[in-house]
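Visitor: Structure in structure tokens, see below.
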Amino acid sequence: MSISKPFLILQLRPEDDTSDSEFAAILKYGGLDEIEVRRMRIEKTGIPGLSLDDYSAVIVGGSPFDISTPEAEKSSIQRKIENDFRRLLNEIVSNDFPFFGACSGCGLLGSYLNTPISSRYAEPVGSATIRLTEAGKCDELLSGFPDQIKVLLGHKEACDETPVGATLLMCGEACPVQMFRIGNNVYATQFHPEGDSEGFILRINVYKHHGYFQPEEAQGLIEAVSQEDTPFAQEILKRFVRRYAR
């Protein structure tokens, strides 16, 4: 694949191992080479000044930060990241610039769109079966998919409802808002399209004391995700890259 401008990958994970693993998975399942991306780890300094004209698209991964944490309890870097994203997303949404936000990226986009974010639809770490909406079946990233697919996820918060003006593309029983689109080019998923068993086992070990599950549940979760395969979720990321590498 030949691209004229790099993909901008924004990461928020404080740990080197989880950040490196997520980055490698985005490259692998997106079909990207390192020379085709610019990686920014913004968990320390926030988002520097940048021009979207320099990039083909923006991809945002997950993080242990929770938007629904009371403002007074947020760290200074979390507050800075959220403020930086509000500025960046204002430019992205107003220009319908290609964007893909997974998990935390979904929450940041939903929050920017004034959608309530809470623990109401939290889901345990592991696999889930979600379904395409009628609009999802017509979307370029999902066309030809079966009506239901398996995904890997794990989150303490989610959008309480579909953002105003958004098109709901995928939904689930435990968490109704699993994937949505704003305009034609701005996407978000509550699940991890880059997720695979290797990456999730690492995250389970690293985040066992972060409130996603009880620490004593870790080994059972590892055994469960080690058997999971989510090729359609990964295909979404690959299609996004192919579409905007043109």
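FYI, nothing fancy with the structure tokens labels: chains A, B, ... in order, residues from 1 per chain, ligands from 1 as they appear.
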List as a ChimeraX atom specification the protein and nucleic acid residues near Arg131 in chain A, meaning an atom at most 12 Å away when only C-alpha atoms are counted, but skip any in the same chain fewer than 5 places from it.
Guide: /A:136-137,142,145-151,168-179,232-233
Visitor: Quick one: residues within 12 Å of Phe180 in chain A, only C-alpha atoms, excluding same-chain residues fewer than 2 positions away - as number ranges by chain?
Guide: A: 99-103, 105-107, 109-110, 132-133, 135-136, 139, 141-142, 159, 161-171, 176-178, 182-191
Visitor: Restricted to C-alpha atoms, what would the selected residues look like written as a short mmCIF file (atom, residue, chain, number, x, y, z; two decimals), in the first residue's frame?
Guide:
```cif
data_model
loop_
_atom_site.label_atom_id
_atom_site.label_comp_id
_atom_site.auth_asym_id
_atom_site.auth_seq_id
_atom_site.Cartn_x
_atom_site.Cartn_y
_atom_site.Cartn_z
CA PHE A 99 -10.94 9.80 12.41
CA PHE A 100 -11.17 6.47 14.20
CA GLY A 101 -11.48 6.42 17.99
CA ALA A 102 -11.52 3.10 19.87
CA CYS A 103 -12.74 2.76 23.49
CA GLY A 105 -11.35 7.50 21.64
CA CYS A 106 -15.07 6.72 21.53
CA GLY A 107 -15.66 8.30 24.94
CA LEU A 109 -15.70 11.85 20.81
CA GLY A 110 -18.98 11.16 22.59
CA LEU A 132 -25.03 -4.40 12.83
CA THR A 133 -27.82 -1.87 12.49
CA ALA A 135 -27.34 1.72 8.65
CA GLY A 136 -24.28 -0.30 9.60
CA ASP A 139 -21.51 1.54 5.73
CA LEU A 141 -16.40 -0.24 6.73
CA LEU A 142 -19.02 -2.92 7.48
CA CYS A 159 -21.96 6.55 25.93
CA GLU A 161 -27.01 7.07 24.21
CA THR A 162 -26.16 7.61 20.56
CA PRO A 163 -24.71 11.10 20.17
CA VAL A 164 -27.03 13.67 18.64
CA GLY A 165 -26.45 13.79 14.90
CA ALA A 166 -24.58 10.46 14.83
CA THR A 167 -25.46 7.33 12.88
CA LEU A 168 -25.50 4.18 15.03
CA LEU A 169 -23.71 1.40 13.14
CA MET A 170 -23.37 -1.41 15.70
CA CYS A 171 -25.13 -2.13 18.99
CA PRO A 176 -26.22 -0.26 23.18
CA VAL A 177 -23.72 2.15 21.55
CA GLN A 178 -20.90 0.04 20.11
CA ILE A 182 -20.46 11.42 12.50
CA GLY A 183 -20.73 12.82 9.01
CA ASN A 184 -19.09 10.53 6.48
CA ASN A 185 -15.60 10.06 7.91
CA VAL A 186 -15.57 10.30 11.71
CA TYR A 187 -15.89 6.88 13.41
CA ALA A 188 -15.85 5.53 16.95
CA THR A 189 -16.08 2.04 18.47
CA GLN A 190 -16.56 1.10 22.09
CA PHE A 191 -14.74 -2.17 21.39
#
```
Visitor: Give the answer as one residue: which of A:Pro14, A:Pro231, A:Pro193, A:Gly154 has the shortest atom-to-atom distance to Lys44 in chain A, using only C-alpha atoms?
Guide: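 Of the candidates, the smallest distance to Lys44 in chain A is held by A:Pro14.
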Visitor: Identify, on the basis of only C-alpha atoms, every residue whose closest approach to Ser226 in chain A does not exceed 8 Å; exclude the query and any residue fewer than 2 positions from it along the same chain; express the result as a PyMOL selection string.
Guide: chain A and resi 197-198+201+222-224+228
Visitor: Grab the residues selected above and save them as a compact mmCIF listing (two decimals), in the first residue's frame with N, CA and C atoms.
Guide:
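Saved file part-v8.txt follows:
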```txt
# COMPACT_ATOMS: atom_id res chain seq x y z
N SER A 197 -5.94 -11.81 21.29
CA SER A 197 -5.75 -12.49 22.56
C SER A 197 -4.43 -12.10 23.21
N GLU A 198 -3.38 -11.97 22.43
CA GLU A 198 -2.07 -11.62 23.00
C GLU A 198 -2.11 -10.24 23.67
N ILE A 201 -4.37 -10.31 26.89
CA ILE A 201 -3.72 -10.98 28.02
C ILE A 201 -2.75 -10.03 28.70
N ILE A 222 -7.95 -14.48 31.37
CA ILE A 222 -6.86 -14.82 30.44
C ILE A 222 -7.20 -16.10 29.69
N GLU A 223 -7.67 -17.10 30.40
CA GLU A 223 -8.02 -18.36 29.76
C GLU A 223 -9.15 -18.17 28.75
N ALA A 224 -10.10 -17.29 29.07
CA ALA A 224 -11.23 -17.06 28.17
C ALA A 224 -10.80 -16.34 26.89
N GLU A 228 -10.20 -16.63 21.95
CA GLU A 228 -11.02 -15.77 21.11
C GLU A 228 -10.32 -15.33 19.82
```
Visitor: Using only C-alpha atoms, which of the listed residues (A:Ile3, A:Leu221, A:Tyr112, A:Leu10) sits closest to Leu202 in chain A?
Guide: A:Leu221
Visitor: How many Å separate CA of Pro215 in chain A from CA of Thr18 in chain A?
Guide: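 Straight-line distance from CA of Pro215 in chain A to CA of Thr18 in chain A works out to 17.8 Å.
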Visitor: If you run DSSP on the backbone here, which positions in range 73-115 of chain A get strand (DSSP E or B)? Please write them as a list in words.
Guide: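 DSSP-assigned strand (DSSP E or B) residues in range 73-115 of chain A: Phe99, Phe100, Gly101 and Ala102 of chain A.
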Visitor: Save out the residues we just selected, C-alpha atoms, as an mmCIF file, in the first residue's frame.
Guide:
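Written output follows (again_36.cif):
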```
data_model
loop_
_atom_site.group_PDB
_atom_site.id
_atom_site.type_symbol
_atom_site.label_atom_id
_atom_site.label_comp_id
_atom_site.auth_asym_id
_atom_site.auth_seq_id
_atom_site.Cartn_x
_atom_site.Cartn_y
_atom_site.Cartn_z
ATOM 1 C CA PHE A 99 -10.936 9.802 12.415
ATOM 2 C CA PHE A 100 -11.174 6.474 14.204
ATOM 3 C CA GLY A 101 -11.483 6.419 17.990
ATOM 4 C CA ALA A 102 -11.524 3.101 19.875
#
```
Visitor: Using only C-alpha atoms, can you tell me which of A:Tyr55, A:Gly211, A:Ser75, A:Gly62 comes closest to Ile92 in chain A?
Guide: A:Tyr55
Visitor: For the structure I just gave you, how does DSSP split range 7-243 of chain A - specifically, which residues are helix (DSSP H, G or I)? Reply as JSON, numbers by chain.
Guide: {"A": [16, 17, 18, 19, 20, 21, 22, 23, 24, 25, 26, 27, 28, 29, 30, 34, 35, 36, 52, 53, 54, 71, 72, 73, 76, 77, 78, 79, 80, 81, 82, 83, 84, 85, 86, 87, 88, 89, 90, 91, 92, 93, 94, 95, 104, 105, 106, 107, 108, 109, 110, 111, 112, 119, 120, 121, 134, 135, 136, 137, 138, 197, 198, 199, 200, 201, 202, 203, 204, 205, 206, 215, 216, 217, 218, 219, 220, 221, 222, 223, 224, 225, 231, 232, 233, 234, 235, 236, 237, 238, 239, 240, 241, 242, 243]}
Visitor: Write out as a count of residues only each polymer residue whose atoms come within 12 Å of Ser4 in chain A, counting only C-alpha atoms; drop sequence neighbours fewer than 6 positions from it.
Guide: 11
Visitor: Within 10 Å of Asp17 in chain A, counting only C-alpha atoms, which residues qualify if same-chain residues fewer than 6 places away don't, as a ChimeraX atom specification?
Guide: /A:23,199,202-203,206
Visitor: For each of A:Val241, A:Val125, A:Glu43, A:Val60, take the minimum atom-to-atom distance to His210 in chain A, counting only C-alpha atoms, then give the residue where this is smallest.
Guide: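 The closest residue to His210 in chain A is A:Val125.
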